[in-house]
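Asks: The structure that follows is given in the form of structure tokens.
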Amino acid sequence: MTARLEGRIALVTGGTAGIGRATAVRFAAEGAHCIVTGRNAAEAARTLELTAGAGRRGEFLAQDVTSEEDWARVVTDVIARHGRLDVLVNNAGSFFVKPLEATSLEDFRGLWTINVDAVFLGTREALRVMQRQRSGAIVNVSSLAGLVGLDQCVAYCASKAACVQFTRAAALEAAPHGVRVNVVAPGPVWTDMIARQYGDTPETRAFFSEDQPLKRLGVPEDVADGILYLASDDARYVTGMALTIDAGRGAD
Amino acid sequence: MGRLDGKIACITGGASGIGAAAARRFVAEGANVVLADLDVARAELLARELGARASAVALDVSREASWRDAMAEVRTRHARLDVLVNSAGISEPGDIEAETEAGWRRTQAVNADGVFFGCRQGLALMKDTTSAGAIVNVSSTLGLRPQPGFISYDASKAAVWALTRAVALHCCEKGYPIRVNAVHPGATLTPMMQRYLDAAPDPAAMMQLFASNHPMKRVGRAEELASAILFLASDEASFITGVSLPVDGGYCAA
């Protein structure tokens, strides 16, 4: 069997932890060259050790995904060195749990900037390149919380719903140019981001496993497999769709 | 290494269209495949072409007794079942005023009853014999976005989507190691579509119409459905159950 992303150039934002790291490693194992972006060079170095172990080392570029200038610089740099960009995974995101009444405008805008603005900027920048190539796949990372309500997460739910709707509308514009745009909606998946908010205790881990329909803890690799499917040619007739990866939670 | 190495799969409607494409892909990915079809001669022909890891069995999906026989045959041949793909289906035009009682019942019998019996008899065999099972039901974009000219088909495919979620949750509640998901094809070039094209006064114009309904401005290929079914059937989707996967060139996004 040939590797599913053989020779592809893939950019993964937030590749320094969690779902982004797992995606970069999965992509590398399938033959892709990954450009991992983020703000933490030390964690990025760890990701690159793992991608190298999986088959392709890839590279790190420091990036603030909320900065328009950074997006222009990063994509220009990728094109200068590789001549193309085949896959973009807009994974960088943030999360907090806070009652509506305690949520400040600053909190709300801060989350929106990273969860929505960054997806907008990244998709727009990548689409310019991919339209010229007449090929490319963009995978955004939303959340089940973008499809159903999550208690005490108004800002997160709103931002992730925006990500889903952004994806659908962008897919319609990209389709005539041979570019696909899809989104994954992970449900209860255990990552550092989640652990920081809810606390890494036996109780929270139990909530994230036994209390879910499939009764097992979701891990970043579960999401990486879905992102791989949407990024690969196996999904060449799939666009504008939200793939929930959620232990059955959304069916409930 | 194949993505379905060592899995035992049964595919209904396996002799043609999306079912046949799934059978080809499954065999290529290392699975043993039983092609279940009303047209068993055609299923046998394809099984011979696919080699030693494929075989055929007669199945009328609309009759539960036929399902019992087919699943007993799978048990005899392979002692277990890991993957069931419910792909058998029919499509006939007719809006709410034109559709006949017989037409309505014919469509429900194959598309809705067939998936109901399939999930029931499939899981009866799977629940004690598989450690990582998956059922993939073939619904349709019309199961999510009805088209008035296909009233019976719309309703039958919406039933498939409801069955998918209910059976997925049932398996979770019971602790069965079986995931249940649905794919939703848009207009896909299969013998089912070919019959519409052949019957049209201007087949090229009809093809253009099918294509223009989808943002990607083309119809789907059976192989593109097969790769989605493969993903959901494989252990890569082990955290995915009760979901809908449209393979529709963007149709449902608009």
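Chain labels run A, B, ... following the order of the structure tokens; each chain numbers its residues from 1, and ligands are numbered from 1 in the order shown.
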Can you tell me, as a PyMOL selection string, what residues are no more than 7 Å from region 116-122 of chain A when counting only C-alpha atoms, ignoring any on the same chain fewer than 2 positions away?

Replies: chain A and resi 65-66+68+71+90+112-114+124-126+159+162-163

Asks: Give me the residues near Asp151 (chain A) as a ChimeraX atom specification, where near means some atom within 10 Å (using only C-alpha atoms) and where sequence neighbours in that chain fewer than 3 positions away do not count.

Replies: /A:97-100,145,148,154,157

Asks: Can you list, as an MDAnalysis selection string, every residue of region 109-211 of chain B that DSSP puts in strand (DSSP E)?

Replies: chainID B and resid 133:138 178:185 188:189

Asks: Could you write out the selected residues, including N, CA and C atoms, as a PDB file, in the first residue's frame?

Replies:
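As a result, selection.pdb now contains:
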ATOM      1  N   GLY B 133     -16.320  -4.393  16.215  1.00  0.00           N
ATOM      2  CA  GLY B 133     -17.281  -4.476  15.117  1.00  0.00           C
ATOM      3  C   GLY B 133     -17.734  -3.123  14.618  1.00  0.00           C
ATOM      4  N   ALA B 134     -18.217  -3.120  13.377  1.00  0.00           N
ATOM      5  CA  ALA B 134     -18.738  -1.879  12.803  1.00  0.00           C
ATOM      6  C   ALA B 134     -19.849  -2.199  11.820  1.00  0.00           C
ATOM      7  N   ILE B 135     -20.939  -1.443  11.921  1.00  0.00           N
ATOM      8  CA  ILE B 135     -21.989  -1.481  10.906  1.00  0.00           C
ATOM      9  C   ILE B 135     -21.949  -0.139  10.189  1.00  0.00           C
ATOM     10  N   VAL B 136     -21.942  -0.177   8.875  1.00  0.00           N
ATOM     11  CA  VAL B 136     -22.004   1.062   8.092  1.00  0.00           C
ATOM     12  C   VAL B 136     -23.251   0.994   7.222  1.00  0.00           C
ATOM     13  N   ASN B 137     -24.167   1.913   7.458  1.00  0.00           N
ATOM     14  CA  ASN B 137     -25.399   1.961   6.676  1.00  0.00           C
ATOM     15  C   ASN B 137     -25.276   2.997   5.570  1.00  0.00           C
ATOM     16  N   VAL B 138     -25.769   2.642   4.395  1.00  0.00           N
ATOM     17  CA  VAL B 138     -25.734   3.591   3.281  1.00  0.00           C
ATOM     18  C   VAL B 138     -27.089   4.295   3.232  1.00  0.00           C
ATOM     19  N   ILE B 178     -19.591  -2.732  19.078  1.00  0.00           N
ATOM     20  CA  ILE B 178     -20.040  -2.512  17.694  1.00  0.00           C
ATOM     21  C   ILE B 178     -20.371  -1.033  17.523  1.00  0.00           C
ATOM     22  N   ARG B 179     -19.713  -0.391  16.558  1.00  0.00           N
ATOM     23  CA  ARG B 179     -20.022   0.999  16.220  1.00  0.00           C
ATOM     24  C   ARG B 179     -20.967   1.005  15.016  1.00  0.00           C
ATOM     25  N   VAL B 180     -21.840   2.003  14.959  1.00  0.00           N
ATOM     26  CA  VAL B 180     -22.822   2.059  13.873  1.00  0.00           C
ATOM     27  C   VAL B 180     -22.835   3.471  13.302  1.00  0.00           C
ATOM     28  N   ASN B 181     -22.538   3.595  12.023  1.00  0.00           N
ATOM     29  CA  ASN B 181     -22.477   4.903  11.388  1.00  0.00           C
ATOM     30  C   ASN B 181     -23.148   4.857  10.014  1.00  0.00           C
ATOM     31  N   ALA B 182     -23.348   6.039   9.444  1.00  0.00           N
ATOM     32  CA  ALA B 182     -23.992   6.118   8.129  1.00  0.00           C
ATOM     33  C   ALA B 182     -23.177   6.973   7.176  1.00  0.00           C
ATOM     34  N   VAL B 183     -23.157   6.573   5.919  1.00  0.00           N
ATOM     35  CA  VAL B 183     -22.663   7.460   4.868  1.00  0.00           C
ATOM     36  C   VAL B 183     -23.875   7.956   4.080  1.00  0.00           C
ATOM     37  N   HIS B 184     -23.735   9.182   3.559  1.00  0.00           N
ATOM     38  CA  HIS B 184     -24.833   9.791   2.815  1.00  0.00           C
ATOM     39  C   HIS B 184     -24.327  10.173   1.428  1.00  0.00           C
ATOM     40  N   PRO B 185     -24.457   9.282   0.469  1.00  0.00           N
ATOM     41  CA  PRO B 185     -23.993   9.622  -0.885  1.00  0.00           C
ATOM     42  C   PRO B 185     -24.858  10.711  -1.508  1.00  0.00           C
ATOM     43  N   THR B 188     -24.490   9.628  -7.258  1.00  0.00           N
ATOM     44  CA  THR B 188     -23.306   8.804  -7.467  1.00  0.00           C
ATOM     45  C   THR B 188     -23.510   7.938  -8.699  1.00  0.00           C
ATOM     46  N   LEU B 189     -22.471   7.871  -9.521  1.00  0.00           N
ATOM     47  CA  LEU B 189     -22.587   7.114 -10.765  1.00  0.00           C
ATOM     48  C   LEU B 189     -22.555   5.613 -10.473  1.00  0.00           C
TER      49      LEU B 189
END

Asks: One number please: CA of Gln197 (chain A) to CA of Thr103 (chain A), in Å, one decimal.

Replies: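 Distance between the two atoms: 14.9 Å.
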
Asks: Go through chain A residue by residue and, counting only C-alpha atoms, keep those with an atom at most 9 Å from chain B; for each kept residue give the shortest atom pair and its distance in Å to one decimal, ordered by chain and increasing number, as JSON lines.

Replies:
{"residue": "A:Met1", "atom": "CA", "partner": "B:Met1", "partner_atom": "CA", "distance": 6.9}
{"residue": "A:Gln165", "atom": "CA", "partner": "B:Ala253", "partner_atom": "CA", "distance": 8.8}
{"residue": "A:Thr167", "atom": "CA", "partner": "B:Ala253", "partner_atom": "CA", "distance": 8.7}
{"residue": "A:Arg168", "atom": "CA", "partner": "B:Ala253", "partner_atom": "CA", "distance": 5.1}
{"residue": "A:Ala169", "atom": "CA", "partner": "B:Ala253", "partner_atom": "CA", "distance": 7.3}
{"residue": "A:Ala171", "atom": "CA", "partner": "B:Gly250", "partner_atom": "CA", "distance": 7.0}
{"residue": "A:Leu172", "atom": "CA", "partner": "B:Pro215", "partner_atom": "CA", "distance": 6.0}
{"residue": "A:Glu173", "atom": "CA", "partner": "B:Pro215", "partner_atom": "CA", "distance": 8.5}
{"residue": "A:Ala174", "atom": "CA", "partner": "B:Met216", "partner_atom": "CA", "distance": 8.8}
{"residue": "A:Ala175", "atom": "CA", "partner": "B:Met216", "partner_atom": "CA", "distance": 5.0}
{"residue": "A:Pro176", "atom": "CA", "partner": "B:Met216", "partner_atom": "CA", "distance": 5.9}
{"residue": "A:His177", "atom": "CA", "partner": "B:Met216", "partner_atom": "CA", "distance": 8.6}
{"residue": "A:Gly178", "atom": "CA", "partner": "B:Met216", "partner_atom": "CA", "distance": 7.6}
{"residue": "A:Arg180", "atom": "CA", "partner": "B:Gly250", "partner_atom": "CA", "distance": 8.8}
{"residue": "A:Gln212", "atom": "CA", "partner": "B:Cys172", "partner_atom": "CA", "distance": 8.9}
{"residue": "A:Pro213", "atom": "CA", "partner": "B:Cys172", "partner_atom": "CA", "distance": 5.3}
{"residue": "A:Leu214", "atom": "CA", "partner": "B:Cys172", "partner_atom": "CA", "distance": 5.5}
{"residue": "A:Lys215", "atom": "CA", "partner": "B:Cys172", "partner_atom": "CA", "distance": 7.8}
{"residue": "A:Arg216", "atom": "CA", "partner": "B:Phe239", "partner_atom": "CA", "distance": 8.3}
{"residue": "A:Leu217", "atom": "CA", "partner": "B:Phe239", "partner_atom": "CA", "distance": 8.9}
{"residue": "A:Gly218", "atom": "CA", "partner": "B:Phe239", "partner_atom": "CA", "distance": 6.8}
{"residue": "A:Val219", "atom": "CA", "partner": "B:Phe239", "partner_atom": "CA", "distance": 8.9}
{"residue": "A:Glu221", "atom": "CA", "partner": "B:Glu236", "partner_atom": "CA", "distance": 8.9}
{"residue": "A:Asp222", "atom": "CA", "partner": "B:Phe239", "partner_atom": "CA", "distance": 6.2}
{"residue": "A:Val223", "atom": "CA", "partner": "B:Phe239", "partner_atom": "CA", "distance": 8.4}
{"residue": "A:Asp225", "atom": "CA", "partner": "B:Glu236", "partner_atom": "CA", "distance": 5.7}
{"residue": "A:Gly226", "atom": "CA", "partner": "B:Ala237", "partner_atom": "CA", "distance": 7.1}
{"residue": "A:Tyr229", "atom": "CA", "partner": "B:Phe231", "partner_atom": "CA", "distance": 7.1}
{"residue": "A:Asp233", "atom": "CA", "partner": "B:Glu224", "partner_atom": "CA", "distance": 9.0}
{"residue": "A:Asp234", "atom": "CA", "partner": "B:Ser227", "partner_atom": "CA", "distance": 5.4}
{"residue": "A:Ala235", "atom": "CA", "partner": "B:Glu224", "partner_atom": "CA", "distance": 6.9}
{"residue": "A:Arg236", "atom": "CA", "partner": "B:Glu224", "partner_atom": "CA", "distance": 7.1}
{"residue": "A:Tyr237", "atom": "CA", "partner": "B:Gly249", "partner_atom": "CA", "distance": 4.9}
{"residue": "A:Val238", "atom": "CA", "partner": "B:Val247", "partner_atom": "CA", "distance": 4.9}
{"residue": "A:Thr239", "atom": "CA", "partner": "B:Gly250", "partner_atom": "CA", "distance": 4.8}
{"residue": "A:Gly240", "atom": "CA", "partner": "B:Ala253", "partner_atom": "CA", "distance": 5.1}
{"residue": "A:Met241", "atom": "CA", "partner": "B:Ala253", "partner_atom": "CA", "distance": 6.4}
{"residue": "A:Ala242", "atom": "CA", "partner": "B:Leu245", "partner_atom": "CA", "distance": 8.0}
{"residue": "A:Leu243", "atom": "CA", "partner": "B:Leu245", "partner_atom": "CA", "distance": 6.7}
{"residue": "A:Thr244", "atom": "CA", "partner": "B:Val243", "partner_atom": "CA", "distance": 6.5}
{"residue": "A:Ile245", "atom": "CA", "partner": "B:Ile240", "partner_atom": "CA", "distance": 5.0}
{"residue": "A:Asp246", "atom": "CA", "partner": "B:Ile240", "partner_atom": "CA", "distance": 6.0}
{"residue": "A:Ala247", "atom": "CA", "partner": "B:Phe239", "partner_atom": "CA", "distance": 5.0}
{"residue": "A:Gly248", "atom": "CA", "partner": "B:Thr241", "partner_atom": "CA", "distance": 4.8}
{"residue": "A:Arg249", "atom": "CA", "partner": "B:Gly242", "partner_atom": "CA", "distance": 8.2}
{"residue": "A:Gly250", "atom": "CA", "partner": "B:Gly242", "partner_atom": "CA", "distance": 7.4}
{"residue": "A:Ala251", "atom": "CA", "partner": "B:Gly242", "partner_atom": "CA", "distance": 5.2}
{"residue": "A:Asp252", "atom": "CA", "partner": "B:Leu169", "partner_atom": "CA", "distance": 6.9}

Asks: Write out as a list in words the residues lying within 12 Å of Pro93 (chain B), counting only C-alpha atoms and excluding same-chain residues fewer than 4 positions away.

Replies: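 Non-adjacent residues within range: Glu97, Ala98, Glu99, Thr100, Gly103, Trp104, Thr107, Gln147, Pro148, Gly149, Phe150, Ile151, Ser152, Tyr153, Asp154, Met192, Met193, Arg195, Tyr196 and Ala199 of chain B.
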
Asks: How would the residues just picked look written out with C-alpha atoms as a JSON list (two decimals), in the first residue's frame?

Replies:
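What follows is the written file selection24.json:
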[["chain", "number", "residue", "atom", "x", "y", "z"],
["B", 97, "GLU", "CA", -49.44, 12.98, -5.05],
["B", 98, "ALA", "CA", -48.13, 10.55, -7.64],
["B", 99, "GLU", "CA", -46.58, 7.83, -5.47],
["B", 100, "THR", "CA", -48.60, 4.60, -5.20],
["B", 103, "GLY", "CA", -44.38, 1.94, -4.62],
["B", 104, "TRP", "CA", -44.15, 3.32, -1.09],
["B", 107, "THR", "CA", -39.15, 1.23, -1.21],
["B", 147, "GLN", "CA", -36.27, 16.06, -2.65],
["B", 148, "PRO", "CA", -40.03, 16.18, -3.22],
["B", 149, "GLY", "CA", -39.93, 14.04, -6.35],
["B", 150, "PHE", "CA", -38.60, 11.04, -4.40],
["B", 151, "ILE", "CA", -40.94, 10.96, -1.41],
["B", 152, "SER", "CA", -40.62, 7.25, -0.60],
["B", 153, "TYR", "CA", -36.85, 7.27, -1.04],
["B", 154, "ASP", "CA", -36.51, 10.40, 1.15],
["B", 192, "MET", "CA", -29.08, 3.02, -9.99],
["B", 193, "MET", "CA", -28.19, 6.38, -11.54],
["B", 195, "ARG", "CA", -31.14, 3.65, -15.08],
["B", 196, "TYR", "CA", -32.28, 7.27, -14.67],
["B", 199, "ALA", "CA", -34.58, 6.56, -19.27]]

Asks: Applying 12 Å and only C-alpha atoms, which residues near Pro220 (chain A) remain after dropping the ones on its own chain fewer than 2 positions away? List them as number ranges by chain.

Replies: A: 15, 17-26, 91, 141, 186-194, 217-218, 222-227, 245-246; B: 239

Asks: So that I can check the surroundings of Ser232 (chain A), please list as a list in words every protein, DNA and RNA residue that reaches within 9 Å of it, counting only C-alpha atoms and ignoring chain neighbours fewer than 5 positions away.

Replies: Arg4, Leu5, Val87, Ala137 and Ile227 of chain A

Asks: Take the residues just selected and output them with all heavy atoms as a PDB file, in the first residue's frame.

Replies:
ATOM      1  N   ARG A   4      -0.658   7.328   2.422  1.00  0.00           N
ATOM      2  CA  ARG A   4      -1.857   8.080   2.031  1.00  0.00           C
ATOM      3  C   ARG A   4      -1.614   9.559   1.819  1.00  0.00           C
ATOM      4  O   ARG A   4      -2.476  10.259   1.259  1.00  0.00           O
ATOM      5  CB  ARG A   4      -2.964   7.837   3.056  1.00  0.00           C
ATOM      6  CG  ARG A   4      -3.481   6.403   2.959  1.00  0.00           C
ATOM      7  CD  ARG A   4      -4.042   5.893   4.267  1.00  0.00           C
ATOM      8  NE  ARG A   4      -5.272   6.572   4.621  1.00  0.00           N
ATOM      9  CZ  ARG A   4      -5.889   6.398   5.801  1.00  0.00           C
ATOM     10  NH1 ARG A   4      -5.368   5.596   6.705  1.00  0.00           N
ATOM     11  NH2 ARG A   4      -7.012   7.019   6.044  1.00  0.00           N
ATOM     12  N   LEU A   5      -0.476  10.078   2.292  1.00  0.00           N
ATOM     13  CA  LEU A   5      -0.151  11.493   2.042  1.00  0.00           C
ATOM     14  C   LEU A   5       1.270  11.604   1.481  1.00  0.00           C
ATOM     15  O   LEU A   5       1.972  12.593   1.731  1.00  0.00           O
ATOM     16  CB  LEU A   5      -0.268  12.305   3.343  1.00  0.00           C
ATOM     17  CG  LEU A   5      -1.662  12.470   3.953  1.00  0.00           C
ATOM     18  CD1 LEU A   5      -1.579  13.235   5.279  1.00  0.00           C
ATOM     19  CD2 LEU A   5      -2.628  13.172   3.014  1.00  0.00           C
ATOM     20  N   VAL A  87      -1.994  20.583   2.220  1.00  0.00           N
ATOM     21  CA  VAL A  87      -2.946  20.385   3.328  1.00  0.00           C
ATOM     22  C   VAL A  87      -2.718  21.451   4.390  1.00  0.00           C
ATOM     23  O   VAL A  87      -1.577  21.735   4.766  1.00  0.00           O
ATOM     24  CB  VAL A  87      -2.752  18.987   3.982  1.00  0.00           C
ATOM     25  CG1 VAL A  87      -3.703  18.812   5.167  1.00  0.00           C
ATOM     26  CG2 VAL A  87      -2.935  17.866   2.961  1.00  0.00           C
ATOM     27  N   ALA A 137      -6.475  20.521   0.451  1.00  0.00           N
ATOM     28  CA  ALA A 137      -7.478  20.149   1.441  1.00  0.00           C
ATOM     29  C   ALA A 137      -7.214  20.932   2.720  1.00  0.00           C
ATOM     30  O   ALA A 137      -6.087  20.984   3.207  1.00  0.00           O
ATOM     31  CB  ALA A 137      -7.430  18.652   1.722  1.00  0.00           C
ATOM     32  N   ILE A 227      -8.894  13.417  10.830  1.00  0.00           N
ATOM     33  CA  ILE A 227      -8.281  14.500  10.053  1.00  0.00           C
ATOM     34  C   ILE A 227      -7.533  13.922   8.852  1.00  0.00           C
ATOM     35  O   ILE A 227      -7.611  14.443   7.737  1.00  0.00           O
ATOM     36  CB  ILE A 227      -7.345  15.339  10.949  1.00  0.00           C
ATOM     37  CG1 ILE A 227      -8.172  16.080  12.023  1.00  0.00           C
ATOM     38  CG2 ILE A 227      -6.526  16.330  10.116  1.00  0.00           C
ATOM     39  CD1 ILE A 227      -7.337  16.789  13.086  1.00  0.00           C
TER      40      ILE A 227
END

Asks: Give the answer as one residue: which of A:Gly53, A:Phe166, A:Thr13, A:Ala29 has the shortest atom-to-atom distance to Asp70 (chain A), using only C-alpha atoms?

Replies: A:Thr13

Asks: For CA of Trp161 (chain B) and CA of Ala65 (chain B), quote the distance in Å rounded to one decimal.

Replies: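 Atom-to-atom, CA of Trp161 (chain B) and CA of Ala65 (chain B) are spaced 23.5 Å apart.
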
Asks: Ranking B:Gln121, B:Ala211, B:Ala88, B:Met206 by minimum distance to Lys157 (chain B) and counting only C-alpha atoms, which one comes first?

Replies: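 Nearest to Lys157 (chain B): B:Ala88.
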
Asks: Using only C-alpha atoms, find the one residue out of A:Val12, A:Val139, A:Leu147, A:Ala185 that sits nearest to Ile35 (chain A).

Replies: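 Checking each candidate against Ile35 (chain A), we get A:Val12 as the closest.
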
Asks: Quick one: of A:Ile138, A:Thr204, A:Ser94, A:Glu101, who's nearest to Lys160 (chain A), counting only C-alpha atoms?

Replies: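 Among the listed residues, A:Ser94 lies closest to Lys160 (chain A).
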